[in-house]
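K.L.:
Please find target_9.cif (mmCIF, C-alpha atoms and all ligand atoms) on the next line:
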```cif
data_data
loop_
_atom_site.group_PDB
_atom_site.id
_atom_site.type_symbol
_atom_site.label_atom_id
_atom_site.label_comp_id
_atom_site.auth_asym_id
_atom_site.auth_seq_id
_atom_site.Cartn_x
_atom_site.Cartn_y
_atom_site.Cartn_z
ATOM 1 C CA MET A 221 57.994 0.154 -29.117
ATOM 2 C CA PRO A 222 54.733 2.144 -29.103
ATOM 3 C CA VAL A 223 55.206 5.802 -28.138
ATOM 4 C CA ALA A 224 52.880 5.473 -25.098
ATOM 5 C CA SER A 225 54.942 2.593 -23.642
ATOM 6 C CA ARG A 226 58.191 4.496 -24.199
ATOM 7 C CA LEU A 227 56.735 7.510 -22.356
ATOM 8 C CA GLU A 228 55.633 5.249 -19.495
ATOM 9 C CA GLU A 229 59.064 3.579 -19.275
ATOM 10 C CA VAL A 230 60.992 6.844 -19.283
ATOM 11 C CA ARG A 231 58.531 8.346 -16.768
ATOM 12 C CA ASN A 232 59.460 5.511 -14.370
ATOM 13 C CA GLU A 233 63.168 5.906 -15.109
ATOM 14 C CA ILE A 234 63.192 9.643 -14.442
ATOM 15 C CA GLY A 235 61.257 9.143 -11.186
ATOM 16 C CA GLU A 236 63.906 6.619 -10.140
ATOM 17 C CA LEU A 237 66.686 9.071 -11.117
ATOM 18 C CA SER A 238 65.093 11.791 -9.019
ATOM 19 C CA ARG A 239 65.111 9.497 -5.976
ATOM 20 C CA ALA A 240 68.663 8.251 -6.643
ATOM 21 C CA SER A 241 70.368 11.611 -7.401
ATOM 22 C CA PRO A 242 72.241 13.054 -4.411
ATOM 23 C CA THR A 243 71.541 16.703 -5.356
ATOM 24 C CA ALA A 244 69.136 18.660 -7.577
ATOM 25 C CA LYS A 245 72.107 19.575 -9.805
ATOM 26 C CA ASP A 246 73.015 15.893 -10.261
ATOM 27 C CA PHE A 247 69.395 15.181 -11.092
ATOM 28 C CA MET A 248 69.253 17.897 -13.766
ATOM 29 C CA LEU A 249 72.479 16.606 -15.378
ATOM 30 C CA SER A 250 71.254 13.022 -15.517
ATOM 31 C CA ALA A 251 67.656 13.963 -16.452
ATOM 32 C CA ALA A 252 68.875 15.975 -19.477
ATOM 33 C CA LYS A 253 70.976 12.988 -20.587
ATOM 34 C CA LEU A 254 68.180 10.460 -20.001
ATOM 35 C CA LEU A 255 65.604 12.453 -21.984
ATOM 36 C CA HIS A 256 68.074 13.089 -24.800
ATOM 37 C CA ASP A 257 69.201 9.442 -24.988
ATOM 38 C CA ARG A 258 65.826 7.716 -24.535
ATOM 39 C CA MET A 259 63.325 9.961 -26.321
ATOM 40 C CA LEU A 260 64.089 9.665 -30.011
ATOM 41 C CA LYS A 261 62.600 13.000 -31.049
ATOM 42 C CA TYR A 262 64.120 14.976 -28.134
ATOM 43 C CA ASN A 263 67.252 16.110 -29.942
ATOM 44 C CA TRP A 264 68.386 18.868 -27.555
ATOM 45 C CA VAL A 265 67.408 18.880 -23.890
ATOM 46 C CA GLY A 266 68.492 21.544 -21.434
ATOM 47 C CA PHE A 267 67.685 23.669 -18.435
ATOM 48 C CA TYR A 268 67.731 27.450 -18.257
ATOM 49 C CA MET A 269 67.674 28.841 -14.724
ATOM 50 C CA LEU A 270 66.858 32.389 -13.610
ATOM 51 C CA GLU A 271 70.028 34.092 -12.402
ATOM 52 C CA PRO A 272 69.514 34.969 -8.730
ATOM 53 C CA GLY A 273 69.207 38.734 -8.186
ATOM 54 C CA ALA A 274 69.841 39.670 -11.856
ATOM 55 C CA GLU A 275 68.257 42.928 -12.976
ATOM 56 C CA PRO A 276 66.851 42.753 -15.627
ATOM 57 C CA PRO A 277 66.023 39.060 -15.046
ATOM 58 C CA MET A 278 68.154 36.641 -17.058
ATOM 59 C CA LEU A 279 67.880 32.942 -17.964
ATOM 60 C CA VAL A 280 71.233 31.179 -17.833
ATOM 61 C CA LEU A 281 72.005 27.840 -19.494
ATOM 62 C CA GLY A 282 72.493 25.036 -16.984
ATOM 63 C CA ALA A 283 72.702 21.268 -17.504
ATOM 64 C CA PHE A 284 72.062 20.228 -21.093
ATOM 65 C CA SER A 285 72.510 17.319 -23.467
ATOM 66 C CA GLY A 286 73.029 17.909 -27.187
ATOM 67 C CA ALA A 287 75.115 20.325 -29.246
ATOM 68 C CA MET A 288 76.402 23.533 -27.646
ATOM 69 C CA THR A 289 73.991 26.450 -28.184
ATOM 70 C CA PRO A 290 74.944 30.086 -28.837
ATOM 71 C CA HIS A 291 72.164 31.091 -26.413
ATOM 72 C CA THR A 292 73.745 30.759 -22.984
ATOM 73 C CA ARG A 293 71.989 33.843 -21.535
ATOM 74 C CA ILE A 294 68.439 34.809 -22.559
ATOM 75 C CA PRO A 295 66.593 37.896 -21.262
ATOM 76 C CA LEU A 296 62.933 37.316 -20.343
ATOM 77 C CA ASN A 297 61.697 39.396 -23.273
ATOM 78 C CA GLN A 298 63.459 37.196 -25.847
ATOM 79 C CA GLY A 299 62.879 33.784 -27.393
ATOM 80 C CA ILE A 300 60.449 30.976 -26.731
ATOM 81 C CA CYS A 301 62.434 30.535 -23.512
ATOM 82 C CA GLY A 302 61.731 34.095 -22.365
ATOM 83 C CA ALA A 303 58.034 33.693 -23.261
ATOM 84 C CA ALA A 304 57.647 30.546 -21.121
ATOM 85 C CA ALA A 305 59.519 31.947 -18.116
ATOM 86 C CA SER A 306 57.787 35.330 -18.151
ATOM 87 C CA SER A 307 54.274 33.885 -18.592
ATOM 88 C CA GLY A 308 54.731 30.854 -16.309
ATOM 89 C CA HIS A 309 53.075 28.715 -19.002
ATOM 90 C CA THR A 310 54.294 25.877 -21.194
ATOM 91 C CA VAL A 311 54.995 26.985 -24.766
ATOM 92 C CA VAL A 312 54.819 24.423 -27.595
ATOM 93 C CA VAL A 313 55.902 25.520 -31.083
ATOM 94 C CA ASP A 314 55.140 23.047 -33.873
ATOM 95 C CA ASP A 315 57.089 24.953 -36.537
ATOM 96 C CA VAL A 316 59.819 27.219 -35.190
ATOM 97 C CA SER A 317 60.330 28.839 -38.624
ATOM 98 C CA LYS A 318 56.872 30.424 -38.286
ATOM 99 C CA ASP A 319 57.363 31.826 -34.756
ATOM 100 C CA PRO A 320 58.981 35.284 -34.736
ATOM 101 C CA ARG A 321 60.019 34.817 -31.077
ATOM 102 C CA TYR A 322 62.252 31.835 -31.911
ATOM 103 C CA LEU A 323 66.000 32.152 -31.222
ATOM 104 C CA ALA A 324 67.780 29.624 -33.450
ATOM 105 C CA CYS A 325 69.983 27.106 -31.726
ATOM 106 C CA SER A 326 70.512 24.658 -34.576
ATOM 107 C CA LEU A 327 69.453 24.717 -38.228
ATOM 108 C CA GLU A 328 68.005 21.221 -37.768
ATOM 109 C CA THR A 329 65.492 22.261 -35.096
ATOM 110 C CA LYS A 330 61.895 22.141 -36.346
ATOM 111 C CA SER A 331 59.801 22.198 -33.157
ATOM 112 C CA GLU A 332 60.282 23.104 -29.500
ATOM 113 C CA ILE A 333 58.690 22.835 -26.054
ATOM 114 C CA VAL A 334 59.583 24.962 -23.033
ATOM 115 C CA VAL A 335 58.098 24.158 -19.615
ATOM 116 C CA PRO A 336 58.585 26.454 -16.597
ATOM 117 C CA ILE A 337 59.957 25.025 -13.348
ATOM 118 C CA PHE A 338 58.400 26.314 -10.128
ATOM 119 C CA VAL A 339 59.672 26.452 -6.544
ATOM 120 C CA ASP A 340 57.200 27.708 -3.941
ATOM 121 C CA GLY A 341 54.880 28.859 -6.733
ATOM 122 C CA LYS A 342 57.539 31.017 -8.424
ATOM 123 C CA VAL A 343 59.274 30.371 -11.746
ATOM 124 C CA VAL A 344 62.955 29.544 -11.089
ATOM 125 C CA GLY A 345 63.850 28.164 -14.493
ATOM 126 C CA GLU A 346 62.622 25.954 -17.304
ATOM 127 C CA LEU A 347 63.119 22.737 -19.214
ATOM 128 C CA ASP A 348 63.685 23.363 -22.927
ATOM 129 C CA ILE A 349 63.532 20.598 -25.556
ATOM 130 C CA ASP A 350 64.166 20.955 -29.292
ATOM 131 C CA SER A 351 63.299 18.402 -31.955
ATOM 132 C CA HIS A 352 64.528 17.849 -35.500
ATOM 133 C CA PHE A 353 60.947 16.775 -36.322
ATOM 134 C CA PRO A 354 58.043 19.170 -36.954
ATOM 135 C CA ALA A 355 55.244 19.087 -34.357
ATOM 136 C CA ALA A 356 57.158 16.528 -32.245
ATOM 137 C CA PHE A 357 55.482 17.508 -28.969
ATOM 138 C CA THR A 358 52.011 15.973 -28.672
ATOM 139 C CA PRO A 359 49.672 16.634 -25.710
ATOM 140 C CA GLN A 360 51.087 13.376 -24.185
ATOM 141 C CA ASP A 361 54.633 14.734 -24.546
ATOM 142 C CA GLN A 362 53.540 18.025 -23.025
ATOM 143 C CA GLU A 363 52.072 16.254 -20.001
ATOM 144 C CA PHE A 364 55.236 14.120 -19.691
ATOM 145 C CA VAL A 365 57.658 17.075 -19.957
ATOM 146 C CA GLN A 366 55.557 18.974 -17.403
ATOM 147 C CA TYR A 367 55.874 15.956 -15.084
ATOM 148 C CA CYS A 368 59.693 16.028 -15.543
ATOM 149 C CA ALA A 369 59.835 19.783 -14.847
ATOM 150 C CA ALA A 370 57.710 19.293 -11.709
ATOM 151 C CA LEU A 371 60.137 16.591 -10.466
ATOM 152 C CA VAL A 372 63.003 19.071 -10.864
ATOM 153 C CA GLY A 373 61.003 21.753 -9.030
ATOM 154 C CA ALA A 374 60.368 19.319 -6.172
ATOM 155 C CA ARG A 375 64.094 18.457 -5.937
ATOM 156 C CA LEU A 376 65.076 22.157 -5.977
ATOM 157 C CA GLU A 377 62.463 22.930 -3.315
ATOM 158 C CA LYS A 378 64.064 20.361 -1.012
ATOM 159 C CA SER A 379 67.553 21.797 -1.516
ATOM 160 C CA ILE A 380 66.626 25.440 -0.686
HETATM 161 N N1 LIG B 1 65.121 28.296 -29.100
HETATM 162 C C1 LIG B 1 65.211 28.925 -27.815
HETATM 163 C C2 LIG B 1 66.630 29.274 -27.464
HETATM 164 C C3 LIG B 1 67.367 28.180 -26.779
HETATM 165 S S1 LIG B 1 67.948 26.986 -27.815
HETATM 166 O O1 LIG B 1 66.784 26.299 -28.360
HETATM 167 C C4 LIG B 1 68.809 25.852 -27.005
HETATM 168 C C5 LIG B 1 64.306 30.154 -27.783
HETATM 169 O O2 LIG B 1 63.732 30.529 -28.797
HETATM 170 O O3 LIG B 1 64.194 30.771 -26.723
#
```
Transcribe the structure of this file into structure tokens.
P.N.:
Amino acid sequence: MPVASRLEEVRNEIGELSRASPTAKDFMLSAAKLLHDRMLKYNWVGFYMLEPGAEPPMLVLGAFSGAMTPHTRIPLNQGICGAAASSGHTVVVDDVSKDPRYLACSLETKSEIVVPIFVDGKVVGELDIDSHFPAAFTPQDQEFVQYCAALVGARLEKSI
């Protein structure tokens, strides 16, 4: 199946999941699984959420699909994850071995995308995806992952 059609199909499926999930937490669990199962180059998919009231601020691993990671808590000044959450911008790394910020999760990971999740204009967490393929995240993937992160933000906004 062409990559564009796969993206379109999974975009529809995740929109349906968002409508069908009873809570934001259910949605994050099933969204991580859907993206991991359906997108062939998305080899680890997970959410890191900002711990409420933590000082200094801390990202904590939430729902994920893929192998367990040693990085269950990440301060905002560490990793690609910390860079995305602290800047409020998507970070795409085509070759993690060349990025000094990278915190290794698996030896197989070659590229990574991290997209912040916003509620009421503030970063509350992020969607992190690792790939075993170099430069796996094209501009189309970036737009798609940003759409997924925005769906999660919208579900969280409703539940607050
Ligand atoms: N690679 C991330 C850490 C999380 S693992 O990929 C699951 C980072 O550099 O922040």
K.L.:
Could you list, as a PDB file with C-alpha atoms, in the coordinates of the input, every residue within 10 Å of region 223-226 of chain A, counting all atoms listed in the file and ignoring same-chain residues fewer than 6 positions away?
P.N.:
```
ATOM      1  CA  ASN A 232      59.460   5.511 -14.370  1.00  0.00           C
ATOM      2  CA  ARG A 258      65.826   7.716 -24.535  1.00  0.00           C
ATOM      3  CA  MET A 259      63.325   9.961 -26.321  1.00  0.00           C
ATOM      4  CA  LEU A 260      64.089   9.665 -30.011  1.00  0.00           C
ATOM      5  CA  GLN A 360      51.087  13.376 -24.185  1.00  0.00           C
ATOM      6  CA  ASP A 361      54.633  14.734 -24.546  1.00  0.00           C
TER       7      ASP A 361
END
```
K.L.:
The PyMOL selection byres (((chain A and resi 379) around 12) and not hetatm) on the file shown: which residues, as number ranges by chain?
P.N.:
A: 242-247, 339, 372-378, 380
K.L.:
Emit the selected residues as a PDB file, in the coordinates of the input, including C-alpha atoms.
P.N.:
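Result saved to out-v2.pdb:
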```pdb
ATOM      1  CA  PRO A 242      72.241  13.054  -4.411  1.00  0.00           C
ATOM      2  CA  THR A 243      71.541  16.703  -5.356  1.00  0.00           C
ATOM      3  CA  ALA A 244      69.136  18.660  -7.577  1.00  0.00           C
ATOM      4  CA  LYS A 245      72.107  19.575  -9.805  1.00  0.00           C
ATOM      5  CA  ASP A 246      73.015  15.893 -10.261  1.00  0.00           C
ATOM      6  CA  PHE A 247      69.395  15.181 -11.092  1.00  0.00           C
ATOM      7  CA  VAL A 339      59.672  26.452  -6.544  1.00  0.00           C
ATOM      8  CA  VAL A 372      63.003  19.071 -10.864  1.00  0.00           C
ATOM      9  CA  GLY A 373      61.003  21.753  -9.030  1.00  0.00           C
ATOM     10  CA  ALA A 374      60.368  19.319  -6.172  1.00  0.00           C
ATOM     11  CA  ARG A 375      64.094  18.457  -5.937  1.00  0.00           C
ATOM     12  CA  LEU A 376      65.076  22.157  -5.977  1.00  0.00           C
ATOM     13  CA  GLU A 377      62.463  22.930  -3.315  1.00  0.00           C
ATOM     14  CA  LYS A 378      64.064  20.361  -1.012  1.00  0.00           C
ATOM     15  CA  ILE A 380      66.626  25.440  -0.686  1.00  0.00           C
TER      16      ILE A 380
END
```
K.L.:
Axis-aligned box over every listed atom of ligand LIG 1 (chain B), padded by 8 Å per side: centre and edges in Å to one decimal, as JSON?
P.N.:
```
{"center_x": 66.3, "center_y": 28.3, "center_z": -27.9, "size_x": 21.1, "size_y": 20.9, "size_z": 18.4}
```
K.L.:
Using all atoms listed in the file, tabulate the residues of chain A lying at most 8 Å from any atom of ligand LIG 1 (chain B), each with its closest atom pair and that distance in Å to one decimal, by chain and increasing residue number, as CSV.
P.N.:
```
residue,atom,partner,partner_atom,distance
A:Trp264,CA,B:LIG1,C4,7.0
A:Val265,CA,B:LIG1,C4,7.8
A:Gly266,CA,B:LIG1,C4,7.0
A:Met288,CA,B:LIG1,C4,8.0
A:Thr289,CA,B:LIG1,C4,5.3
A:Pro290,CA,B:LIG1,C4,7.7
A:His291,CA,B:LIG1,C3,5.6
A:Thr292,CA,B:LIG1,C3,7.9
A:Ile294,CA,B:LIG1,O3,7.2
A:Gln298,CA,B:LIG1,O3,6.5
A:Gly299,CA,B:LIG1,O3,3.4
A:Ile300,CA,B:LIG1,O3,3.8
A:Cys301,CA,B:LIG1,O3,3.7
A:Gly302,CA,B:LIG1,O3,6.0
A:Ala303,CA,B:LIG1,O3,7.6
A:Arg321,CA,B:LIG1,O2,6.1
A:Tyr322,CA,B:LIG1,O2,3.7
A:Leu323,CA,B:LIG1,O2,3.7
A:Ala324,CA,B:LIG1,N1,5.3
A:Cys325,CA,B:LIG1,S1,4.4
A:Ser326,CA,B:LIG1,O1,7.4
A:Thr329,CA,B:LIG1,O1,8.0
A:Glu332,CA,B:LIG1,N1,7.1
A:Asp348,CA,B:LIG1,O1,6.9
A:Ile349,CA,B:LIG1,O1,7.1
A:Asp350,CA,B:LIG1,O1,6.0
```
K.L.:
Env of Leu249 (chain A): 9 Å cut, atoms = all atoms listed in the file, seq-sep filter 6 positions within chain, self excluded. Answer as a ChimeraX atom specification.
P.N.:
/A:266,282-285
K.L.:
For C-alpha atoms, I'd like the residues from the last selection saved as a PDB file, keeping the file's coordinate frame.
P.N.:
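File written: out.pdb
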```pdb
ATOM      1  CA  GLY A 266      68.492  21.544 -21.434  1.00  0.00           C
ATOM      2  CA  GLY A 282      72.493  25.036 -16.984  1.00  0.00           C
ATOM      3  CA  ALA A 283      72.702  21.268 -17.504  1.00  0.00           C
ATOM      4  CA  PHE A 284      72.062  20.228 -21.093  1.00  0.00           C
ATOM      5  CA  SER A 285      72.510  17.319 -23.467  1.00  0.00           C
TER       6      SER A 285
END
```
K.L.:
Hey, can you check how far CA of Glu271 (chain A) sits from CA of Ala252 (chain A)?
P.N.:
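Computing the Euclidean distance for CA of Glu271 (chain A) and CA of Ala252 (chain A) yields 19.5 Å.
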K.L.:
Decode the PyMOL selection byres (((chain A and resi 269) around 10) and not hetatm) for the given file into explicit residues and return them as a PDB file with C-alpha atoms, keeping the file's coordinate frame.
P.N.:
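Dumped to expr.pdb:
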```pdb
ATOM      1  CA  GLY A 266      68.492  21.544 -21.434  1.00  0.00           C
ATOM      2  CA  PHE A 267      67.685  23.669 -18.435  1.00  0.00           C
ATOM      3  CA  TYR A 268      67.731  27.450 -18.257  1.00  0.00           C
ATOM      4  CA  LEU A 270      66.858  32.389 -13.610  1.00  0.00           C
ATOM      5  CA  GLU A 271      70.028  34.092 -12.402  1.00  0.00           C
ATOM      6  CA  PRO A 272      69.514  34.969  -8.730  1.00  0.00           C
ATOM      7  CA  MET A 278      68.154  36.641 -17.058  1.00  0.00           C
ATOM      8  CA  LEU A 279      67.880  32.942 -17.964  1.00  0.00           C
ATOM      9  CA  VAL A 280      71.233  31.179 -17.833  1.00  0.00           C
ATOM     10  CA  LEU A 281      72.005  27.840 -19.494  1.00  0.00           C
ATOM     11  CA  GLY A 282      72.493  25.036 -16.984  1.00  0.00           C
ATOM     12  CA  ALA A 283      72.702  21.268 -17.504  1.00  0.00           C
ATOM     13  CA  ARG A 293      71.989  33.843 -21.535  1.00  0.00           C
ATOM     14  CA  ILE A 294      68.439  34.809 -22.559  1.00  0.00           C
ATOM     15  CA  ALA A 305      59.519  31.947 -18.116  1.00  0.00           C
ATOM     16  CA  PRO A 336      58.585  26.454 -16.597  1.00  0.00           C
ATOM     17  CA  ILE A 337      59.957  25.025 -13.348  1.00  0.00           C
ATOM     18  CA  VAL A 343      59.274  30.371 -11.746  1.00  0.00           C
ATOM     19  CA  VAL A 344      62.955  29.544 -11.089  1.00  0.00           C
ATOM     20  CA  GLY A 345      63.850  28.164 -14.493  1.00  0.00           C
ATOM     21  CA  GLU A 346      62.622  25.954 -17.304  1.00  0.00           C
ATOM     22  CA  LEU A 347      63.119  22.737 -19.214  1.00  0.00           C
TER      23      LEU A 347
END
```
K.L.:
Closest to Ser307 (chain A) among A:Val334, A:Leu371, A:Ala287, A:Leu227, using all atoms listed in the file?
P.N.:
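Using all atoms listed in the file, Ser307 (chain A) sits closest to A:Val334.
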